[in-house]
Every structure is written in structure tokens, then in C-alpha cells.
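See below for coords_19.pdb, which holds PDB, C-alpha atoms, pLDDT in the B column.
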```pdb
MODEL        1
ATOM      1  CA  MET C   1     144.042 102.667  71.306  1.00 66.00           C
ATOM      2  CA  THR C   2     143.093 106.264  70.472  1.00 70.00           C
ATOM      3  CA  SER C   3     145.710 107.574  72.911  1.00 65.00           C
ATOM      4  CA  PHE C   4     148.293 105.199  71.459  1.00 66.00           C
ATOM      5  CA  LEU C   5     147.615 106.367  67.892  1.00 71.00           C
ATOM      6  CA  THR C   6     147.698 109.991  69.038  1.00 71.00           C
ATOM      7  CA  LEU C   7     151.103 109.407  70.625  1.00 67.00           C
ATOM      8  CA  LEU C   8     152.361 107.704  67.458  1.00 70.00           C
ATOM      9  CA  HIS C   9     151.143 110.597  65.308  1.00 72.00           C
ATOM     10  CA  ARG C  10     152.830 113.075  67.657  1.00 71.00           C
ATOM     11  CA  GLU C  11     156.167 111.271  67.505  1.00 68.00           C
ATOM     12  CA  LEU C  12     156.110 111.040  63.718  1.00 70.00           C
ATOM     13  CA  ARG C  13     155.159 114.702  63.399  1.00 72.00           C
ATOM     14  CA  LEU C  14     157.963 115.806  65.722  1.00 69.00           C
ATOM     15  CA  ALA C  15     160.452 113.664  63.831  1.00 65.00           C
ATOM     16  CA  GLY C  16     159.360 115.300  60.585  1.00 63.00           C
ATOM     17  CA  ARG C  17     160.452 118.641  62.033  1.00 65.00           C
ATOM     18  CA  GLN C  18     163.862 117.240  62.973  1.00 68.00           C
ATOM     19  CA  ARG C  19     164.907 115.702  59.688  1.00 67.00           C
ATOM     20  CA  PHE C  20     168.601 115.937  60.506  1.00 64.00           C
ATOM     21  CA  ASP C  21     168.146 113.457  63.381  1.00 66.00           C
ATOM     22  CA  VAL C  22     166.433 111.044  60.985  1.00 68.00           C
ATOM     23  CA  THR C  23     168.884 111.348  58.095  1.00 76.00           C
ATOM     24  CA  LEU C  24     172.090 111.335  60.177  1.00 77.00           C
ATOM     25  CA  PRO C  25     172.004 107.569  60.957  1.00 78.00           C
ATOM     26  CA  LEU C  26     171.447 106.799  57.270  1.00 80.00           C
ATOM     27  CA  ALA C  27     174.320 109.068  56.240  1.00 82.00           C
ATOM     28  CA  VAL C  28     176.634 107.416  58.777  1.00 81.00           C
ATOM     29  CA  ALA C  29     175.664 103.932  57.546  1.00 82.00           C
ATOM     30  CA  VAL C  30     176.312 104.889  53.923  1.00 82.00           C
ATOM     31  CA  LEU C  31     179.672 106.423  54.832  1.00 83.00           C
ATOM     32  CA  ILE C  32     180.757 103.288  56.706  1.00 80.00           C
ATOM     33  CA  LEU C  33     179.750 101.061  53.806  1.00 81.00           C
ATOM     34  CA  LEU C  34     181.579 103.262  51.321  1.00 80.00           C
ATOM     35  CA  LEU C  35     184.769 103.001  53.365  1.00 79.00           C
ATOM     36  CA  PHE C  36     184.822  99.197  53.237  1.00 76.00           C
ATOM     37  CA  PRO C  37     185.538  98.781  49.490  1.00 73.00           C
ATOM     38  CA  LEU C  38     187.803 101.824  49.502  1.00 75.00           C
ATOM     39  CA  SER C  39     189.959 100.347  52.259  1.00 73.00           C
ATOM     40  CA  LEU C  40     189.871  96.699  51.172  1.00 71.00           C
ATOM     41  CA  GLY C  41     190.059  97.096  47.416  1.00 69.00           C
ATOM     42  CA  PRO C  42     187.582  96.319  44.642  1.00 69.00           C
ATOM     43  CA  GLU C  43     187.931  92.506  44.733  1.00 76.00           C
ATOM     44  CA  PRO C  44     184.405  91.126  44.171  1.00 73.00           C
ATOM     45  CA  ASP C  45     184.879  87.876  46.122  1.00 78.00           C
ATOM     46  CA  LEU C  46     186.350  89.658  49.150  1.00 77.00           C
ATOM     47  CA  LEU C  47     183.567  92.257  49.180  1.00 77.00           C
ATOM     48  CA  ARG C  48     180.939  89.530  48.894  1.00 79.00           C
ATOM     49  CA  ARG C  49     182.362  87.645  51.885  1.00 80.00           C
ATOM     50  CA  LEU C  50     182.588  90.744  54.071  1.00 80.00           C
ATOM     51  CA  ALA C  51     179.288  92.290  52.982  1.00 82.00           C
ATOM     52  CA  PRO C  52     177.074  90.669  55.692  1.00 83.00           C
ATOM     53  CA  ALA C  53     179.281  91.880  58.538  1.00 82.00           C
ATOM     54  CA  ALA C  54     179.762  95.320  56.955  1.00 83.00           C
ATOM     55  CA  LEU C  55     176.036  95.842  56.461  1.00 84.00           C
ATOM     56  CA  TRP C  56     175.190  94.934  60.050  1.00 84.00           C
ATOM     57  CA  ILE C  57     178.010  96.994  61.555  1.00 82.00           C
ATOM     58  CA  ALA C  58     176.787 100.010  59.605  1.00 82.00           C
ATOM     59  CA  ALA C  59     173.169  99.398  60.608  1.00 81.00           C
ATOM     60  CA  LEU C  60     174.002  99.006  64.310  1.00 80.00           C
ATOM     61  CA  LEU C  61     176.211 102.082  64.504  1.00 76.00           C
ATOM     62  CA  GLY C  62     173.686 104.123  62.555  1.00 75.00           C
ATOM     63  CA  ALA C  63     170.834 103.015  64.798  1.00 74.00           C
ATOM     64  CA  LEU C  64     172.720 104.070  67.931  1.00 76.00           C
ATOM     65  CA  LEU C  65     172.776 107.668  66.734  1.00 75.00           C
ATOM     66  CA  GLY C  66     169.005 107.975  66.624  1.00 71.00           C
ATOM     67  CA  LEU C  67     168.166 106.536  70.027  1.00 75.00           C
ATOM     68  CA  ASP C  68     169.021 109.550  72.157  1.00 71.00           C
ATOM     69  CA  ARG C  69     165.966 111.482  70.956  1.00 72.00           C
ATOM     70  CA  LEU C  70     163.514 108.888  72.282  1.00 74.00           C
ATOM     71  CA  PHE C  71     163.090 110.310  75.793  1.00 73.00           C
ATOM     72  CA  ASN C  72     165.704 113.005  76.413  1.00 71.00           C
ATOM     73  CA  SER C  73     163.978 115.953  74.758  1.00 71.00           C
ATOM     74  CA  ASP C  74     160.615 115.113  76.342  1.00 67.00           C
ATOM     75  CA  PHE C  75     162.302 114.669  79.718  1.00 71.00           C
ATOM     76  CA  GLU C  76     164.103 118.008  79.498  1.00 68.00           C
ATOM     77  CA  ASP C  77     161.090 120.127  78.475  1.00 67.00           C
ATOM     78  CA  GLY C  78     158.592 118.382  80.764  1.00 67.00           C
ATOM     79  CA  SER C  79     156.564 116.760  77.994  1.00 71.00           C
ATOM     80  CA  LEU C  80     157.281 113.315  79.382  1.00 71.00           C
ATOM     81  CA  ASP C  81     155.418 114.156  82.598  1.00 70.00           C
ATOM     82  CA  HIS C  82     152.358 115.180  80.569  1.00 73.00           C
ATOM     83  CA  LEU C  83     152.560 111.970  78.531  1.00 72.00           C
ATOM     84  CA  VAL C  84     152.704 109.887  81.686  1.00 71.00           C
ATOM     85  CA  LEU C  85     149.729 111.788  83.156  1.00 72.00           C
ATOM     86  CA  SER C  86     147.703 111.341  79.951  1.00 70.00           C
ATOM     87  CA  GLY C  87     146.362 108.019  81.214  1.00 71.00           C
ATOM     88  CA  LEU C  88     148.196 105.862  78.651  1.00 74.00           C
ATOM     89  CA  PRO C  89     149.838 102.892  80.422  1.00 81.00           C
ATOM     90  CA  LEU C  90     153.594 103.293  80.541  1.00 82.00           C
ATOM     91  CA  PRO C  91     154.335 100.032  78.641  1.00 84.00           C
ATOM     92  CA  LEU C  92     152.107 101.280  75.796  1.00 85.00           C
ATOM     93  CA  LEU C  93     153.859 104.640  75.935  1.00 82.00           C
ATOM     94  CA  VAL C  94     157.177 102.837  75.514  1.00 84.00           C
ATOM     95  CA  LEU C  95     155.785 100.755  72.648  1.00 87.00           C
ATOM     96  CA  GLY C  96     154.521 103.906  70.923  1.00 82.00           C
ATOM     97  CA  LYS C  97     157.939 105.518  71.199  1.00 83.00           C
ATOM     98  CA  ALA C  98     159.642 102.357  69.968  1.00 85.00           C
ATOM     99  CA  LEU C  99     157.237 101.893  67.051  1.00 86.00           C
ATOM    100  CA  SER C 100     157.682 105.466  65.863  1.00 82.00           C
ATOM    101  CA  HIS C 101     161.464 105.097  66.041  1.00 82.00           C
ATOM    102  CA  TRP C 102     161.310 101.807  64.137  1.00 85.00           C
ATOM    103  CA  LEU C 103     159.110 103.293  61.410  1.00 84.00           C
ATOM    104  CA  LEU C 104     161.516 106.200  60.951  1.00 82.00           C
ATOM    105  CA  THR C 105     164.747 104.225  60.999  1.00 82.00           C
ATOM    106  CA  SER C 106     164.328 100.553  60.111  1.00 83.00           C
ATOM    107  CA  PRO C 107     162.648 100.735  56.656  1.00 86.00           C
ATOM    108  CA  PRO C 108     165.038 103.465  55.421  1.00 85.00           C
ATOM    109  CA  MET C 109     168.026 101.563  56.870  1.00 85.00           C
ATOM    110  CA  THR C 110     166.833  98.386  55.144  1.00 86.00           C
ATOM    111  CA  ALA C 111     166.544 100.274  51.852  1.00 87.00           C
ATOM    112  CA  VAL C 112     170.074 101.650  52.314  1.00 85.00           C
ATOM    113  CA  ALA C 113     171.374  98.145  53.095  1.00 85.00           C
ATOM    114  CA  LEU C 114     169.779  96.718  49.943  1.00 86.00           C
ATOM    115  CA  LEU C 115     171.162  99.528  47.811  1.00 86.00           C
ATOM    116  CA  MET C 116     174.645  99.192  49.272  1.00 83.00           C
ATOM    117  CA  GLY C 117     174.391  95.422  48.888  1.00 83.00           C
ATOM    118  CA  VAL C 118     174.574  96.005  45.134  1.00 82.00           C
ATOM    119  CA  PHE C 119     177.657  98.133  45.725  1.00 79.00           C
ATOM    120  CA  LEU C 120     179.212  95.317  47.799  1.00 79.00           C
ATOM    121  CA  ASN C 121     178.534  92.727  45.086  1.00 79.00           C
ATOM    122  CA  LEU C 122     175.847  90.748  46.916  1.00 83.00           C
ATOM    123  CA  PRO C 123     174.079  88.223  44.690  1.00 82.00           C
ATOM    124  CA  GLY C 124     170.357  88.458  44.055  1.00 81.00           C
ATOM    125  CA  PRO C 125     169.253  85.522  46.291  1.00 84.00           C
ATOM    126  CA  ALA C 126     170.728  87.266  49.363  1.00 86.00           C
ATOM    127  CA  PHE C 127     168.547  90.371  49.169  1.00 89.00           C
ATOM    128  CA  LEU C 128     165.300  88.898  50.526  1.00 91.00           C
ATOM    129  CA  PRO C 129     167.004  87.258  53.559  1.00 90.00           C
ATOM    130  CA  LEU C 130     168.837  90.542  54.155  1.00 89.00           C
ATOM    131  CA  ALA C 131     165.582  92.519  54.126  1.00 90.00           C
ATOM    132  CA  LEU C 132     163.855  90.053  56.484  1.00 92.00           C
ATOM    133  CA  ALA C 133     166.818  89.992  58.870  1.00 91.00           C
ATOM    134  CA  MET C 134     167.035  93.792  58.888  1.00 89.00           C
ATOM    135  CA  THR C 135     163.323  94.067  59.640  1.00 90.00           C
ATOM    136  CA  LEU C 136     163.349  91.599  62.545  1.00 91.00           C
ATOM    137  CA  GLY C 137     166.719  92.681  63.888  1.00 90.00           C
ATOM    138  CA  GLY C 138     165.854  96.362  63.593  1.00 88.00           C
ATOM    139  CA  ALA C 139     162.693  95.885  65.652  1.00 90.00           C
ATOM    140  CA  ALA C 140     164.559  93.974  68.373  1.00 91.00           C
ATOM    141  CA  LEU C 141     167.334  96.566  68.388  1.00 90.00           C
ATOM    142  CA  THR C 142     164.774  99.362  68.756  1.00 88.00           C
ATOM    143  CA  LEU C 143     163.147  97.703  71.762  1.00 91.00           C
ATOM    144  CA  LEU C 144     166.515  97.087  73.416  1.00 91.00           C
ATOM    145  CA  GLY C 145     167.617 100.639  72.700  1.00 87.00           C
ATOM    146  CA  THR C 146     164.374 102.055  74.085  1.00 87.00           C
ATOM    147  CA  THR C 147     164.902 100.144  77.316  1.00 88.00           C
ATOM    148  CA  ILE C 148     168.526 101.222  77.687  1.00 87.00           C
ATOM    149  CA  MET C 149     167.657 104.864  76.997  1.00 85.00           C
ATOM    150  CA  ALA C 150     164.951 104.694  79.676  1.00 83.00           C
ATOM    151  CA  LEU C 151     167.407 103.162  82.146  1.00 83.00           C
ATOM    152  CA  THR C 152     169.977 105.917  81.538  1.00 81.00           C
ATOM    153  CA  LEU C 153     167.466 108.780  81.425  1.00 77.00           C
ATOM    154  CA  GLY C 154     168.702 111.706  83.481  1.00 66.00           C
ATOM    155  CA  ALA C 155     172.131 110.181  84.077  1.00 65.00           C
ATOM    156  CA  ARG C 156     175.317 112.140  83.497  1.00 66.00           C
ATOM    157  CA  ARG C 157     176.778 111.284  80.096  1.00 62.00           C
ATOM    158  CA  GLY C 158     173.796 109.069  79.515  1.00 58.00           C
ATOM    159  CA  GLY C 159     174.468 108.749  75.783  1.00 62.00           C
ATOM    160  CA  ALA C 160     177.913 107.223  76.270  1.00 67.00           C
ATOM    161  CA  LEU C 161     176.622 104.975  79.036  1.00 74.00           C
ATOM    162  CA  ALA C 162     173.710 103.837  76.867  1.00 73.00           C
ATOM    163  CA  GLY C 163     176.099 102.914  74.055  1.00 72.00           C
ATOM    164  CA  LEU C 164     178.281 100.860  76.389  1.00 78.00           C
ATOM    165  CA  LEU C 165     175.257  99.021  77.755  1.00 81.00           C
ATOM    166  CA  LEU C 166     173.570  98.475  74.405  1.00 82.00           C
ATOM    167  CA  LEU C 167     176.429  97.253  72.226  1.00 81.00           C
ATOM    168  CA  PRO C 168     176.929  93.911  74.049  1.00 84.00           C
ATOM    169  CA  LEU C 169     173.194  93.241  73.901  1.00 86.00           C
ATOM    170  CA  THR C 170     173.142  93.743  70.140  1.00 86.00           C
ATOM    171  CA  LEU C 171     175.799  91.098  69.456  1.00 87.00           C
ATOM    172  CA  PRO C 172     173.312  88.193  69.092  1.00 90.00           C
ATOM    173  CA  ILE C 173     171.215  90.299  66.713  1.00 91.00           C
ATOM    174  CA  ALA C 174     174.256  91.148  64.605  1.00 87.00           C
ATOM    175  CA  ILE C 175     175.502  87.535  64.627  1.00 89.00           C
ATOM    176  CA  PHE C 176     172.212  86.005  63.513  1.00 91.00           C
ATOM    177  CA  GLY C 177     171.512  88.861  61.099  1.00 89.00           C
ATOM    178  CA  ALA C 178     174.856  88.480  59.379  1.00 88.00           C
ATOM    179  CA  GLY C 179     174.468  84.693  59.595  1.00 89.00           C
ATOM    180  CA  THR C 180     171.228  84.914  57.617  1.00 90.00           C
ATOM    181  CA  VAL C 181     172.963  86.639  54.720  1.00 89.00           C
ATOM    182  CA  THR C 182     175.998  84.345  54.969  1.00 88.00           C
ATOM    183  CA  ALA C 183     173.714  81.310  54.803  1.00 90.00           C
ATOM    184  CA  ALA C 184     172.078  82.725  51.668  1.00 87.00           C
ATOM    185  CA  LEU C 185     175.512  83.265  50.109  1.00 85.00           C
ATOM    186  CA  SER C 186     176.487  79.665  50.916  1.00 85.00           C
ATOM    187  CA  ASP C 187     173.215  78.151  49.632  1.00 85.00           C
ATOM    188  CA  LEU C 188     172.316  77.058  53.177  1.00 88.00           C
ATOM    189  CA  PRO C 189     168.867  77.335  54.821  1.00 90.00           C
ATOM    190  CA  THR C 190     168.162  80.842  56.065  1.00 90.00           C
ATOM    191  CA  ARG C 191     165.192  79.910  58.250  1.00 91.00           C
ATOM    192  CA  PRO C 192     167.171  78.934  61.403  1.00 92.00           C
ATOM    193  CA  PRO C 193     168.854  82.343  61.896  1.00 92.00           C
ATOM    194  CA  LEU C 194     165.637  84.120  60.926  1.00 93.00           C
ATOM    195  CA  PHE C 195     163.683  82.090  63.484  1.00 95.00           C
ATOM    196  CA  LEU C 196     166.288  82.973  66.106  1.00 94.00           C
ATOM    197  CA  LEU C 197     165.923  86.653  65.242  1.00 93.00           C
ATOM    198  CA  GLY C 198     162.160  86.271  65.524  1.00 93.00           C
ATOM    199  CA  GLY C 199     162.592  84.618  68.927  1.00 94.00           C
ATOM    200  CA  ILE C 200     164.790  87.500  70.105  1.00 93.00           C
ATOM    201  CA  LEU C 201     162.148  89.955  68.914  1.00 94.00           C
ATOM    202  CA  LEU C 202     159.359  88.129  70.752  1.00 95.00           C
ATOM    203  CA  GLY C 203     161.448  88.049  73.908  1.00 94.00           C
ATOM    204  CA  CYS C 204     162.107  91.777  73.635  1.00 92.00           C
ATOM    205  CA  LEU C 205     158.388  92.444  73.106  1.00 92.00           C
ATOM    206  CA  ALA C 206     157.556  90.471  76.230  1.00 91.00           C
ATOM    207  CA  VAL C 207     160.157  92.084  78.504  1.00 92.00           C
ATOM    208  CA  CYS C 208     161.450  95.428  77.226  1.00 90.00           C
ATOM    209  CA  PRO C 209     158.278  97.593  77.488  1.00 89.00           C
ATOM    210  CA  PHE C 210     157.827  96.694  81.152  1.00 92.00           C
ATOM    211  CA  LEU C 211     161.495  97.214  82.035  1.00 90.00           C
ATOM    212  CA  ALA C 212     161.514 100.571  80.254  1.00 87.00           C
ATOM    213  CA  ALA C 213     158.245 101.581  81.959  1.00 86.00           C
ATOM    214  CA  ALA C 214     159.712 100.795  85.377  1.00 86.00           C
ATOM    215  CA  ALA C 215     162.855 102.779  84.518  1.00 83.00           C
ATOM    216  CA  LEU C 216     160.794 105.765  83.369  1.00 81.00           C
ATOM    217  CA  ARG C 217     158.714 105.682  86.537  1.00 81.00           C
ATOM    218  CA  GLU C 218     161.884 105.666  88.621  1.00 79.00           C
ATOM    219  CA  ALA C 219     163.436 108.525  86.644  1.00 73.00           C
ATOM    220  CA  LEU C 220     160.330 110.690  86.969  1.00 72.00           C
ATOM    221  CA  ASP C 221     160.001 110.014  90.683  1.00 68.00           C
TER     222      ASP C 221
ENDMDL
END
```
Step by step, read the file and then write its structure as C-alpha cells.
Amino acid sequence: MTSFLTLLHRELRLAGRQRFDVTLPLAVAVLILLLFPLSLGPEPDLLRRLAPAALWIAALLGALLGLDRLFNSDFEDGSLDHLVLSGLPLPLLVLGKALSHWLLTSPPMTAVALLMGVFLNLPGPAFLPLALAMTLGGAALTLLGTTIMALTLGARRGGALAGLLLLPLTLPIAIFGAGTVTAALSDLPTRPPLFLLGGILLGCLAVCPFLAAAALREALD
């Protein structure tokens, strides 16, 4: 546990020195959400109907921009070898990387989504389901992204390849995330899509750290 907390502190400290990498996904998400009303017009009903999809598209595209710093820099400067030799099990190493990325991206992205929800004319009852869906979906997306980045580590044009592999896997997260907000807008129960998002997250927790650990071991060998 001490090694895990040390790794988490290291990742957060390094991210604090690279603020551009942290703020870029948020800036991209805000820009995408600003383009929706500008291109569709200021009709409140239309913006309200399209808001769930717009918010999740912006969150997914923004999250993709921050994934490349998970392993690449450590792999290039040799730090990843030292982390592996530190004695921390590789699945816990992956979880530490994923948790640090989630802490740096998901809460700020959720805050941006809530703020832009006002801009997109979302009603008040939709904000809590949106925050819960963003939290669960962001964690699942982080675990999937961590695994894909480990699988493409060291590959030529690994960033483009990772995006192609990751986008299809994020479709269920986007569908159920947007469905949660749509259900809230339609006065329907929001628990079913939230439970499905929670199930996806639990499945990712059970599988992704071990797949990513195996991919890292192969890349380092």
C-alpha cells in the first residue's frame, strides 16, 4: 500500500508540472460544446434534446487526448523499468496510473459537463444523473484507455492505433451515459442505465489491470 500511494503521489506531482496536458482535454471539451449551439441555433428544446449526446461526445474526445501520457513518457526515459523493478505488482501499478489519470481528468470533466449543461438548457433534475454517469463512465473509460495504451506501447503511431481500438469499446459507455441523462429528461427511471454503467466499471476493474499488466510485461521484454 505504501508503494501504491508513493506511485500515486508521483503521478499527481508529475501531472502538476505538465498542466497543459491536463487542461487540454477540458479546453477541447468546452470548444466542442460551444460549437453545438452555434451550429444548431439557440432553440432551447433542440439543445435540450441533443445535450446528452453532445456532453458525452465532448467528454470522450477530451479523454482520448490525455491518455497518451500514461505510459509513453515513462517508457521512453526508462522510468517504467524502474517502476516495474520497484516490487509493486504490475496490476497495482496499472491501477495507480489509472487512478491518477481519473483524479486529474474525470472530476474536472464532470464539472465542465455540469457547467455546460446550463449552457445547453438542461433542466435541474438532470444534473445529478449526469454527474453520476460521468463519474462511473469516466472511471470505466480510464481503465479501458489504460489497457489500450499498454497494448499499443512502443508501437509505431501508437496514439492513432490506440484511438481506433478504444473508440468502439467506449460506445456502450457513451450509450448508457447519454441514456441516463435522456431518462432524466423524460421523467423515466435513471437507475437501469446507471446500474449498467456500474456493471461495466466492475467488469473493467476485474479484467483491465491484468490485461494491461500482461501487455506492459510483453512490451518491456
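On the file presented, the PyMOL selection byres ((chain C and resi 111-124) around 7) picks out Pro44, Leu47, Arg48, Ala51, Leu55, Pro107, Pro108, Met109, Thr110, Pro125, Ala126 and Phe127 of chain C.
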CA of Leu34 in chain C to CA of Ala59 in chain C: how many Å, to one decimal? 13.1 Å
List as number ranges by chain the residues having at least one atom at most 10 Å from position (161.6, 94.1, 66.1) as given in the file, counting all atoms listed in the file. C: 98-99, 102, 106, 133-144, 197-205
Selection above as a file: C-alpha atoms, as a JSON list (two decimals), in the frame of the given file:
```json
[["chain", "number", "residue", "atom", "x", "y", "z"],
["C", 98, "ALA", "CA", 159.64, 102.36, 69.97],
["C", 99, "LEU", "CA", 157.24, 101.89, 67.05],
["C", 102, "TRP", "CA", 161.31, 101.81, 64.14],
["C", 106, "SER", "CA", 164.33, 100.55, 60.11],
["C", 133, "ALA", "CA", 166.82, 89.99, 58.87],
["C", 134, "MET", "CA", 167.04, 93.79, 58.89],
["C", 135, "THR", "CA", 163.32, 94.07, 59.64],
["C", 136, "LEU", "CA", 163.35, 91.60, 62.54],
["C", 137, "GLY", "CA", 166.72, 92.68, 63.89],
["C", 138, "GLY", "CA", 165.85, 96.36, 63.59],
["C", 139, "ALA", "CA", 162.69, 95.88, 65.65],
["C", 140, "ALA", "CA", 164.56, 93.97, 68.37],
["C", 141, "LEU", "CA", 167.33, 96.57, 68.39],
["C", 142, "THR", "CA", 164.77, 99.36, 68.76],
["C", 143, "LEU", "CA", 163.15, 97.70, 71.76],
["C", 144, "LEU", "CA", 166.52, 97.09, 73.42],
["C", 197, "LEU", "CA", 165.92, 86.65, 65.24],
["C", 198, "GLY", "CA", 162.16, 86.27, 65.52],
["C", 199, "GLY", "CA", 162.59, 84.62, 68.93],
["C", 200, "ILE", "CA", 164.79, 87.50, 70.10],
["C", 201, "LEU", "CA", 162.15, 89.96, 68.91],
["C", 202, "LEU", "CA", 159.36, 88.13, 70.75],
["C", 203, "GLY", "CA", 161.45, 88.05, 73.91],
["C", 204, "CYS", "CA", 162.11, 91.78, 73.64],
["C", 205, "LEU", "CA", 158.39, 92.44, 73.11]]
```
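If only C-alpha atoms are the atoms counted, then among C:Leu220, C:Ala54, C:Ala29, C:Cys208 the closest residue to Phe75 in chain C is C:Leu220.
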Please write the residues picked by the PyMOL selection byres ((chain C and resi 151) around 12) on this file as a PyMOL selection string. chain C and resi 68+71-72+144-150+152-155+158-159+161-163+165-166+208-220
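Going from CA of Ala27 in chain C to CA of Gly96 in chain C covers 25.2 Å.
With all atoms listed in the file as the atoms that count, the residue of C:Ser100, C:Ser79, C:Thr180, C:Thr2 with the shortest distance to Phe195 in chain C is C:Thr180.
Considering all atoms listed in the file, the residue among C:Val94, C:Ala184, C:Leu85, C:Leu26 positioned nearest to Leu60 in chain C is C:Leu26.
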